[in-house]
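Structure file start-v4.cif; described as mmCIF, N, CA and C atoms.
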```
data_model
#
loop_
_atom_site.label_atom_id
_atom_site.label_comp_id
_atom_site.auth_asym_id
_atom_site.auth_seq_id
_atom_site.Cartn_x
_atom_site.Cartn_y
_atom_site.Cartn_z
N MET J 1 -72.00 -52.67 29.82
CA MET J 1 -71.85 -51.57 28.88
C MET J 1 -70.38 -51.15 28.84
N ASP J 2 -69.87 -50.95 27.64
CA ASP J 2 -68.51 -50.48 27.47
C ASP J 2 -68.52 -48.95 27.50
N ILE J 3 -68.10 -48.39 28.61
CA ILE J 3 -68.16 -46.94 28.79
C ILE J 3 -67.26 -46.21 27.80
N HIS J 4 -66.12 -46.78 27.46
CA HIS J 4 -65.22 -46.13 26.51
C HIS J 4 -65.87 -46.02 25.12
N ARG J 5 -66.55 -47.05 24.73
CA ARG J 5 -67.25 -47.02 23.43
C ARG J 5 -68.38 -46.00 23.47
N PHE J 6 -69.14 -45.99 24.57
CA PHE J 6 -70.22 -45.01 24.73
C PHE J 6 -69.68 -43.58 24.60
N LEU J 7 -68.57 -43.28 25.27
CA LEU J 7 -67.99 -41.94 25.20
C LEU J 7 -67.56 -41.61 23.78
N ALA J 8 -66.89 -42.53 23.12
CA ALA J 8 -66.41 -42.28 21.76
C ALA J 8 -67.57 -42.07 20.79
N GLU J 9 -68.59 -42.90 20.87
CA GLU J 9 -69.74 -42.80 19.96
C GLU J 9 -70.52 -41.51 20.14
N ASN J 10 -70.49 -40.95 21.33
CA ASN J 10 -71.31 -39.77 21.63
C ASN J 10 -70.51 -38.50 21.82
N GLU J 11 -69.22 -38.54 21.52
CA GLU J 11 -68.35 -37.36 21.63
C GLU J 11 -68.38 -36.76 23.03
N ILE J 12 -68.34 -37.61 24.03
CA ILE J 12 -68.30 -37.19 25.43
C ILE J 12 -66.84 -37.19 25.85
N ALA J 13 -66.40 -36.09 26.45
CA ALA J 13 -64.99 -35.99 26.87
C ALA J 13 -64.75 -36.65 28.22
N VAL J 14 -65.69 -36.46 29.16
CA VAL J 14 -65.51 -37.01 30.51
C VAL J 14 -66.85 -37.53 31.03
N TYR J 15 -66.79 -38.71 31.62
CA TYR J 15 -67.93 -39.33 32.30
C TYR J 15 -67.56 -39.34 33.78
N ALA J 16 -68.43 -38.80 34.62
CA ALA J 16 -68.22 -38.84 36.07
C ALA J 16 -69.49 -39.40 36.70
N ALA J 17 -69.34 -40.41 37.53
CA ALA J 17 -70.49 -41.01 38.21
C ALA J 17 -70.23 -40.98 39.71
N PHE J 18 -71.25 -40.58 40.45
CA PHE J 18 -71.19 -40.57 41.90
C PHE J 18 -72.08 -41.69 42.42
N ASP J 19 -71.52 -42.58 43.22
CA ASP J 19 -72.26 -43.68 43.82
C ASP J 19 -72.53 -43.34 45.28
N GLU J 20 -73.79 -43.07 45.57
CA GLU J 20 -74.15 -42.64 46.92
C GLU J 20 -73.97 -43.74 47.96
N SER J 21 -74.08 -44.99 47.54
CA SER J 21 -73.99 -46.09 48.51
C SER J 21 -72.63 -46.16 49.20
N ASP J 22 -71.56 -45.84 48.47
CA ASP J 22 -70.24 -45.85 49.11
C ASP J 22 -69.50 -44.51 48.97
N GLN J 23 -70.23 -43.48 48.54
CA GLN J 23 -69.68 -42.11 48.44
C GLN J 23 -68.43 -42.08 47.56
N SER J 24 -68.46 -42.81 46.45
CA SER J 24 -67.29 -42.87 45.57
C SER J 24 -67.62 -42.31 44.18
N TYR J 25 -66.57 -41.89 43.50
CA TYR J 25 -66.68 -41.38 42.13
C TYR J 25 -65.99 -42.35 41.18
N THR J 26 -66.55 -42.46 40.00
CA THR J 26 -65.90 -43.14 38.88
C THR J 26 -65.75 -42.08 37.80
N ILE J 27 -64.53 -41.87 37.35
CA ILE J 27 -64.27 -40.86 36.33
C ILE J 27 -63.56 -41.54 35.16
N VAL J 28 -64.11 -41.36 33.97
CA VAL J 28 -63.52 -41.94 32.77
C VAL J 28 -63.36 -40.82 31.74
N LYS J 29 -62.16 -40.68 31.21
CA LYS J 29 -61.86 -39.65 30.21
C LYS J 29 -61.73 -40.29 28.84
N ASN J 30 -62.29 -39.65 27.86
CA ASN J 30 -62.18 -40.08 26.47
C ASN J 30 -61.02 -39.31 25.84
N PRO J 31 -59.92 -39.96 25.51
CA PRO J 31 -58.76 -39.25 24.97
C PRO J 31 -59.02 -38.64 23.59
N ALA J 32 -60.05 -39.08 22.90
CA ALA J 32 -60.34 -38.55 21.57
C ALA J 32 -61.18 -37.27 21.61
N ALA J 33 -61.79 -36.96 22.73
CA ALA J 33 -62.61 -35.75 22.87
C ALA J 33 -61.94 -34.83 23.88
N VAL J 34 -61.82 -33.59 23.51
CA VAL J 34 -61.07 -32.63 24.33
C VAL J 34 -62.01 -31.56 24.88
N LEU J 35 -61.78 -31.16 26.11
CA LEU J 35 -62.46 -29.99 26.67
C LEU J 35 -61.49 -28.82 26.62
N SER J 36 -62.00 -27.64 26.32
CA SER J 36 -61.15 -26.44 26.26
C SER J 36 -60.51 -26.17 27.61
N TYR J 37 -61.26 -26.45 28.66
CA TYR J 37 -60.76 -26.27 30.02
C TYR J 37 -61.63 -27.11 30.94
N TYR J 38 -61.15 -27.35 32.14
CA TYR J 38 -61.82 -28.25 33.08
C TYR J 38 -62.40 -27.53 34.29
N THR J 39 -62.65 -26.26 34.17
CA THR J 39 -63.20 -25.49 35.29
C THR J 39 -64.56 -26.02 35.73
N LEU J 40 -65.45 -26.27 34.80
CA LEU J 40 -66.78 -26.77 35.15
C LEU J 40 -66.67 -28.15 35.80
N PHE J 41 -65.83 -29.01 35.26
CA PHE J 41 -65.60 -30.33 35.85
C PHE J 41 -65.07 -30.17 37.28
N ASN J 42 -64.09 -29.31 37.45
CA ASN J 42 -63.53 -29.08 38.79
C ASN J 42 -64.59 -28.61 39.77
N GLN J 43 -65.44 -27.66 39.33
CA GLN J 43 -66.46 -27.11 40.22
C GLN J 43 -67.50 -28.16 40.62
N LEU J 44 -67.94 -28.98 39.65
CA LEU J 44 -69.00 -29.94 39.94
C LEU J 44 -68.50 -31.24 40.57
N VAL J 45 -67.32 -31.68 40.17
CA VAL J 45 -66.84 -32.98 40.64
C VAL J 45 -65.78 -32.85 41.72
N LEU J 46 -64.70 -32.19 41.41
CA LEU J 46 -63.58 -32.16 42.36
C LEU J 46 -63.84 -31.28 43.57
N LEU J 47 -64.48 -30.14 43.36
CA LEU J 47 -64.72 -29.21 44.46
C LEU J 47 -66.17 -29.20 44.92
N GLY J 48 -67.02 -29.96 44.25
CA GLY J 48 -68.45 -29.94 44.54
C GLY J 48 -68.81 -30.60 45.85
N ASP J 49 -70.03 -30.35 46.25
CA ASP J 49 -70.58 -30.93 47.47
C ASP J 49 -71.27 -32.25 47.12
N ASP J 50 -70.95 -33.32 47.82
CA ASP J 50 -71.57 -34.61 47.55
C ASP J 50 -73.09 -34.56 47.67
N ALA J 51 -73.61 -33.66 48.49
CA ALA J 51 -75.06 -33.54 48.66
C ALA J 51 -75.74 -33.13 47.35
N TYR J 52 -75.02 -32.40 46.50
CA TYR J 52 -75.59 -32.01 45.21
C TYR J 52 -75.98 -33.25 44.40
N TRP J 53 -75.09 -34.22 44.36
CA TRP J 53 -75.31 -35.41 43.54
C TRP J 53 -76.57 -36.15 43.99
N SER J 54 -76.78 -36.24 45.28
CA SER J 54 -77.97 -36.91 45.80
C SER J 54 -79.23 -36.11 45.50
N SER J 55 -79.12 -34.80 45.44
CA SER J 55 -80.29 -33.95 45.22
C SER J 55 -80.79 -33.98 43.79
N VAL J 56 -79.95 -34.40 42.85
CA VAL J 56 -80.32 -34.37 41.44
C VAL J 56 -81.57 -35.20 41.17
N ARG J 57 -81.68 -36.37 41.79
CA ARG J 57 -82.83 -37.23 41.50
C ARG J 57 -84.16 -36.62 41.94
N ASN J 58 -84.13 -35.58 42.77
CA ASN J 58 -85.35 -34.91 43.21
C ASN J 58 -85.71 -33.70 42.35
N GLN J 59 -84.95 -33.44 41.30
CA GLN J 59 -85.20 -32.29 40.44
C GLN J 59 -86.32 -32.60 39.46
N PRO J 60 -87.21 -31.63 39.21
CA PRO J 60 -88.33 -31.90 38.29
C PRO J 60 -87.90 -31.98 36.82
N LEU J 61 -86.89 -31.23 36.43
CA LEU J 61 -86.44 -31.23 35.04
C LEU J 61 -85.08 -31.89 34.95
N LEU J 62 -85.05 -33.03 34.26
CA LEU J 62 -83.80 -33.75 34.09
C LEU J 62 -83.56 -34.01 32.61
N PRO J 63 -82.37 -34.01 32.17
CA PRO J 63 -81.15 -33.82 32.96
C PRO J 63 -80.95 -32.35 33.31
N GLN J 64 -80.18 -32.13 34.37
CA GLN J 64 -79.78 -30.77 34.70
C GLN J 64 -78.66 -30.39 33.76
N MET J 65 -78.69 -29.17 33.27
CA MET J 65 -77.71 -28.72 32.29
C MET J 65 -76.83 -27.63 32.89
N TRP J 66 -75.55 -27.72 32.62
CA TRP J 66 -74.58 -26.74 33.06
C TRP J 66 -73.76 -26.30 31.85
N ALA J 67 -73.32 -25.06 31.84
CA ALA J 67 -72.48 -24.58 30.74
C ALA J 67 -71.49 -23.55 31.27
N GLN J 68 -70.32 -23.59 30.70
CA GLN J 68 -69.31 -22.57 30.99
C GLN J 68 -68.48 -22.43 29.72
N GLY J 69 -68.71 -21.32 29.03
CA GLY J 69 -68.06 -21.15 27.74
C GLY J 69 -68.54 -22.23 26.79
N ALA J 70 -67.61 -22.89 26.11
CA ALA J 70 -67.95 -23.96 25.16
C ALA J 70 -68.19 -25.30 25.85
N VAL J 71 -67.81 -25.42 27.11
CA VAL J 71 -67.94 -26.68 27.83
C VAL J 71 -69.37 -26.82 28.37
N ARG J 72 -69.94 -27.99 28.14
CA ARG J 72 -71.29 -28.28 28.61
C ARG J 72 -71.26 -29.53 29.49
N CYS J 73 -72.28 -29.64 30.33
CA CYS J 73 -72.40 -30.81 31.19
C CYS J 73 -73.88 -31.10 31.39
N CYS J 74 -74.24 -32.36 31.36
CA CYS J 74 -75.59 -32.74 31.75
C CYS J 74 -75.46 -33.76 32.89
N VAL J 75 -76.32 -33.59 33.89
CA VAL J 75 -76.27 -34.39 35.11
C VAL J 75 -77.63 -35.03 35.31
N PHE J 76 -77.63 -36.34 35.63
CA PHE J 76 -78.89 -37.04 35.81
C PHE J 76 -78.67 -38.33 36.60
N PRO J 77 -79.71 -38.83 37.26
CA PRO J 77 -79.59 -40.11 37.96
C PRO J 77 -79.75 -41.25 36.96
N VAL J 78 -79.01 -42.33 37.18
CA VAL J 78 -79.17 -43.53 36.35
C VAL J 78 -79.72 -44.70 37.18
N SER J 79 -79.68 -44.56 38.49
CA SER J 79 -80.25 -45.57 39.39
C SER J 79 -80.51 -44.85 40.73
N PRO J 80 -81.15 -45.51 41.67
CA PRO J 80 -81.39 -44.86 42.97
C PRO J 80 -80.11 -44.45 43.70
N GLU J 81 -78.99 -45.11 43.41
CA GLU J 81 -77.74 -44.81 44.10
C GLU J 81 -76.73 -44.03 43.27
N LYS J 82 -76.92 -43.99 41.95
CA LYS J 82 -75.88 -43.45 41.08
C LYS J 82 -76.37 -42.27 40.25
N THR J 83 -75.56 -41.21 40.23
CA THR J 83 -75.81 -40.02 39.43
C THR J 83 -74.63 -39.83 38.49
N VAL J 84 -74.92 -39.48 37.25
CA VAL J 84 -73.89 -39.35 36.22
C VAL J 84 -73.82 -37.92 35.70
N ALA J 85 -72.60 -37.48 35.40
CA ALA J 85 -72.38 -36.19 34.73
C ALA J 85 -71.56 -36.47 33.46
N LEU J 86 -72.02 -35.92 32.34
CA LEU J 86 -71.32 -36.05 31.07
C LEU J 86 -70.81 -34.67 30.66
N PHE J 87 -69.52 -34.56 30.38
CA PHE J 87 -68.90 -33.30 29.99
C PHE J 87 -68.51 -33.38 28.52
N PHE J 88 -68.82 -32.33 27.76
CA PHE J 88 -68.61 -32.37 26.32
C PHE J 88 -68.55 -30.96 25.74
N GLU J 89 -68.15 -30.87 24.49
CA GLU J 89 -68.22 -29.65 23.68
C GLU J 89 -68.82 -30.03 22.35
N TRP J 90 -70.12 -29.84 22.20
CA TRP J 90 -70.79 -30.13 20.94
C TRP J 90 -71.09 -28.81 20.25
N SER J 91 -70.88 -28.75 18.96
CA SER J 91 -71.17 -27.52 18.21
C SER J 91 -72.58 -27.61 17.63
N CYS J 92 -73.56 -27.45 18.50
CA CYS J 92 -74.96 -27.45 18.08
C CYS J 92 -75.72 -26.50 19.01
N ASP J 93 -76.95 -26.20 18.64
CA ASP J 93 -77.71 -25.25 19.45
C ASP J 93 -78.23 -25.89 20.73
N ARG J 94 -78.75 -25.06 21.60
CA ARG J 94 -79.18 -25.49 22.93
C ARG J 94 -80.28 -26.54 22.88
N GLU J 95 -81.20 -26.41 21.94
CA GLU J 95 -82.29 -27.39 21.83
C GLU J 95 -81.76 -28.76 21.45
N GLU J 96 -80.80 -28.81 20.53
CA GLU J 96 -80.24 -30.10 20.13
C GLU J 96 -79.43 -30.71 21.27
N ILE J 97 -78.69 -29.86 21.99
CA ILE J 97 -77.94 -30.36 23.15
C ILE J 97 -78.89 -30.98 24.17
N SER J 98 -79.98 -30.29 24.45
CA SER J 98 -80.96 -30.79 25.40
C SER J 98 -81.55 -32.12 24.93
N SER J 99 -81.89 -32.20 23.67
CA SER J 99 -82.46 -33.41 23.11
C SER J 99 -81.47 -34.58 23.17
N ARG J 100 -80.22 -34.32 22.81
CA ARG J 100 -79.19 -35.36 22.85
C ARG J 100 -78.94 -35.83 24.28
N CYS J 101 -78.94 -34.89 25.22
CA CYS J 101 -78.71 -35.27 26.62
C CYS J 101 -79.85 -36.11 27.17
N ARG J 102 -81.08 -35.79 26.81
CA ARG J 102 -82.22 -36.61 27.25
C ARG J 102 -82.11 -38.02 26.68
N ALA J 103 -81.70 -38.14 25.43
CA ALA J 103 -81.54 -39.46 24.81
C ALA J 103 -80.42 -40.25 25.50
N LEU J 104 -79.31 -39.58 25.82
CA LEU J 104 -78.21 -40.25 26.51
C LEU J 104 -78.61 -40.67 27.91
N MET J 105 -79.40 -39.83 28.58
CA MET J 105 -79.88 -40.16 29.92
C MET J 105 -80.71 -41.44 29.85
N LYS J 106 -81.65 -41.52 28.93
CA LYS J 106 -82.48 -42.71 28.79
C LYS J 106 -81.65 -43.94 28.45
N GLN J 107 -80.68 -43.77 27.56
CA GLN J 107 -79.82 -44.88 27.17
C GLN J 107 -79.05 -45.43 28.36
N LEU J 108 -78.46 -44.55 29.16
CA LEU J 108 -77.70 -45.01 30.32
C LEU J 108 -78.60 -45.61 31.39
N GLN J 109 -79.75 -45.01 31.61
CA GLN J 109 -80.68 -45.54 32.61
C GLN J 109 -81.13 -46.95 32.23
N GLU J 110 -81.38 -47.19 30.96
CA GLU J 110 -81.79 -48.53 30.51
C GLU J 110 -80.66 -49.54 30.66
N LYS J 111 -79.44 -49.13 30.39
CA LYS J 111 -78.31 -50.06 30.46
C LYS J 111 -77.92 -50.37 31.91
N ILE J 112 -78.10 -49.40 32.81
CA ILE J 112 -77.73 -49.59 34.21
C ILE J 112 -78.80 -50.42 34.93
N ASN J 113 -80.05 -50.15 34.64
CA ASN J 113 -81.15 -50.83 35.36
C ASN J 113 -81.50 -52.16 34.76
#
```
Can you present the structure in this file as structure tokens?
Amino acid sequence: MDIHRFLAENEIAVYAAFDESDQSYTIVKNPAAVLSYYTLFNQLVLLGDDAYWSSVRNQPLLPQMWAQGAVRCCVFPVSPEKTVALFFEWSCDREEISSRCRALMKQLQEKIN
């Protein structure tokens, strides 16, 4: 899967993946999509607890949704070892954001597995 194309097609500003097997992050930024600020990214990725990423796969409602101002994030597992966070600013209502995030979660899970 071409992650840069995926980000561009879906207006995702930042893709962050945590791989539990080696405790590493993969972060890819889409230069065409801008976030107003990176506070939410900093809190979840740079300053976050690695245990959070592992706990996501045990959540009953996925993807998990985060918001801070106009910046949104959805977090979900794509494999037993990998959890992904997508950061974006979409100008649509909460129901559409939730629907789009569920579709993106399924798309990534199918491509990874």
Could you list, as a PDB file with N, CA and C atoms, in the coordinates of the input, every residue matched by the PyMOL selection byres (((chain J and resi 112 and name CA) around 12) and name CA) in this structure?
```pdb
ATOM      1  N   MET J   1     -72.000 -52.670  29.820  1.00  0.00           N
ATOM      2  CA  MET J   1     -71.850 -51.570  28.880  1.00  0.00           C
ATOM      3  C   MET J   1     -70.380 -51.150  28.840  1.00  0.00           C
ATOM      4  N   ASP J   2     -69.870 -50.950  27.640  1.00  0.00           N
ATOM      5  CA  ASP J   2     -68.510 -50.480  27.470  1.00  0.00           C
ATOM      6  C   ASP J   2     -68.520 -48.950  27.500  1.00  0.00           C
ATOM      7  N   ILE J   3     -68.100 -48.390  28.610  1.00  0.00           N
ATOM      8  CA  ILE J   3     -68.160 -46.940  28.790  1.00  0.00           C
ATOM      9  C   ILE J   3     -67.260 -46.210  27.800  1.00  0.00           C
ATOM     10  N   ALA J  17     -69.340 -40.410  37.530  1.00  0.00           N
ATOM     11  CA  ALA J  17     -70.490 -41.010  38.210  1.00  0.00           C
ATOM     12  C   ALA J  17     -70.230 -40.980  39.710  1.00  0.00           C
ATOM     13  N   PRO J  77     -79.710 -38.830  37.260  1.00  0.00           N
ATOM     14  CA  PRO J  77     -79.590 -40.110  37.960  1.00  0.00           C
ATOM     15  C   PRO J  77     -79.750 -41.250  36.960  1.00  0.00           C
ATOM     16  N   VAL J  78     -79.010 -42.330  37.180  1.00  0.00           N
ATOM     17  CA  VAL J  78     -79.170 -43.530  36.350  1.00  0.00           C
ATOM     18  C   VAL J  78     -79.720 -44.700  37.180  1.00  0.00           C
ATOM     19  N   SER J  79     -79.680 -44.560  38.490  1.00  0.00           N
ATOM     20  CA  SER J  79     -80.250 -45.570  39.390  1.00  0.00           C
ATOM     21  C   SER J  79     -80.510 -44.850  40.730  1.00  0.00           C
ATOM     22  N   PRO J  80     -81.150 -45.510  41.670  1.00  0.00           N
ATOM     23  CA  PRO J  80     -81.390 -44.860  42.970  1.00  0.00           C
ATOM     24  C   PRO J  80     -80.110 -44.450  43.700  1.00  0.00           C
ATOM     25  N   GLU J  81     -78.990 -45.110  43.410  1.00  0.00           N
ATOM     26  CA  GLU J  81     -77.740 -44.810  44.100  1.00  0.00           C
ATOM     27  C   GLU J  81     -76.730 -44.030  43.270  1.00  0.00           C
ATOM     28  N   LYS J  82     -76.920 -43.990  41.950  1.00  0.00           N
ATOM     29  CA  LYS J  82     -75.880 -43.450  41.080  1.00  0.00           C
ATOM     30  C   LYS J  82     -76.370 -42.270  40.250  1.00  0.00           C
ATOM     31  N   THR J  83     -75.560 -41.210  40.230  1.00  0.00           N
ATOM     32  CA  THR J  83     -75.810 -40.020  39.430  1.00  0.00           C
ATOM     33  C   THR J  83     -74.630 -39.830  38.490  1.00  0.00           C
ATOM     34  N   VAL J  84     -74.920 -39.480  37.250  1.00  0.00           N
ATOM     35  CA  VAL J  84     -73.890 -39.350  36.220  1.00  0.00           C
ATOM     36  C   VAL J  84     -73.820 -37.920  35.700  1.00  0.00           C
ATOM     37  N   MET J 105     -79.400 -39.830  28.580  1.00  0.00           N
ATOM     38  CA  MET J 105     -79.880 -40.160  29.920  1.00  0.00           C
ATOM     39  C   MET J 105     -80.710 -41.440  29.850  1.00  0.00           C
ATOM     40  N   LYS J 106     -81.650 -41.520  28.930  1.00  0.00           N
ATOM     41  CA  LYS J 106     -82.480 -42.710  28.790  1.00  0.00           C
ATOM     42  C   LYS J 106     -81.650 -43.940  28.450  1.00  0.00           C
ATOM     43  N   GLN J 107     -80.680 -43.770  27.560  1.00  0.00           N
ATOM     44  CA  GLN J 107     -79.820 -44.880  27.170  1.00  0.00           C
ATOM     45  C   GLN J 107     -79.050 -45.430  28.360  1.00  0.00           C
ATOM     46  N   LEU J 108     -78.460 -44.550  29.160  1.00  0.00           N
ATOM     47  CA  LEU J 108     -77.700 -45.010  30.320  1.00  0.00           C
ATOM     48  C   LEU J 108     -78.600 -45.610  31.390  1.00  0.00           C
ATOM     49  N   GLN J 109     -79.750 -45.010  31.610  1.00  0.00           N
ATOM     50  CA  GLN J 109     -80.680 -45.540  32.610  1.00  0.00           C
ATOM     51  C   GLN J 109     -81.130 -46.950  32.230  1.00  0.00           C
ATOM     52  N   GLU J 110     -81.380 -47.190  30.960  1.00  0.00           N
ATOM     53  CA  GLU J 110     -81.790 -48.530  30.510  1.00  0.00           C
ATOM     54  C   GLU J 110     -80.660 -49.540  30.660  1.00  0.00           C
ATOM     55  N   LYS J 111     -79.440 -49.130  30.390  1.00  0.00           N
ATOM     56  CA  LYS J 111     -78.310 -50.060  30.460  1.00  0.00           C
ATOM     57  C   LYS J 111     -77.920 -50.370  31.910  1.00  0.00           C
ATOM     58  N   ASN J 113     -80.050 -50.150  34.640  1.00  0.00           N
ATOM     59  CA  ASN J 113     -81.150 -50.830  35.360  1.00  0.00           C
ATOM     60  C   ASN J 113     -81.500 -52.160  34.760  1.00  0.00           C
TER      61      ASN J 113
END
```
Inset, instruction - Select, from J:Cys92, J:Cys73, J:Leu62, J:Ala103, the residue with the minimum atom-to-atom distance to Gln43 of chain J, counting only C-alpha atoms. - result: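 Ranked by minimum distance to Gln43 of chain J, first place goes to J:Cys73.
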Legend entry - Sel. within 9 Å of pt (-64.4, -45.9, 26.4), counting only C-alpha atoms, output as a ChimeraX atom specification: /J:2-9,28-31
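With only C-alpha atoms as the atoms that count, the residue of J:Asp19, J:Leu46, J:Thr39, J:Ser98 with the shortest distance to Leu61 of chain J is J:Ser98.
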Inset, instruction - Convert the output of the PyMOL selection byres (((chain J and resi 75 and name CA) around 6) and name CA) on the shown file into explicit residues, formatted as a PyMOL selection string. - result: chain J and resi 63-64+74+76+84-85
For N, CA and C atoms, I'd like the residues from the last selection saved as a compact mmCIF listing (two decimals), in the coordinates of the input.
```
# COMPACT_ATOMS: atom_id res chain seq x y z
N PRO J 63 -82.37 -34.01 32.17
CA PRO J 63 -81.15 -33.82 32.96
C PRO J 63 -80.95 -32.35 33.31
N GLN J 64 -80.18 -32.13 34.37
CA GLN J 64 -79.78 -30.77 34.70
C GLN J 64 -78.66 -30.39 33.76
N CYS J 74 -74.24 -32.36 31.36
CA CYS J 74 -75.59 -32.74 31.75
C CYS J 74 -75.46 -33.76 32.89
N PHE J 76 -77.63 -36.34 35.63
CA PHE J 76 -78.89 -37.04 35.81
C PHE J 76 -78.67 -38.33 36.60
N VAL J 84 -74.92 -39.48 37.25
CA VAL J 84 -73.89 -39.35 36.22
C VAL J 84 -73.82 -37.92 35.70
N ALA J 85 -72.60 -37.48 35.40
CA ALA J 85 -72.38 -36.19 34.73
C ALA J 85 -71.56 -36.47 33.46
```
Inset, instruction - To one decimal in Å, tell me the separation between atom CA of Ser36 of chain J and atom N of Glu89 of chain J. - result: 8.5 Å
Legend entry - Residue nearest Leu40 of chain J among J:Val71, J:Cys101, J:Val56, J:Ala16 (counting only N, CA and C atoms):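 So, comparing all the options, the nearest one is J:Val71.
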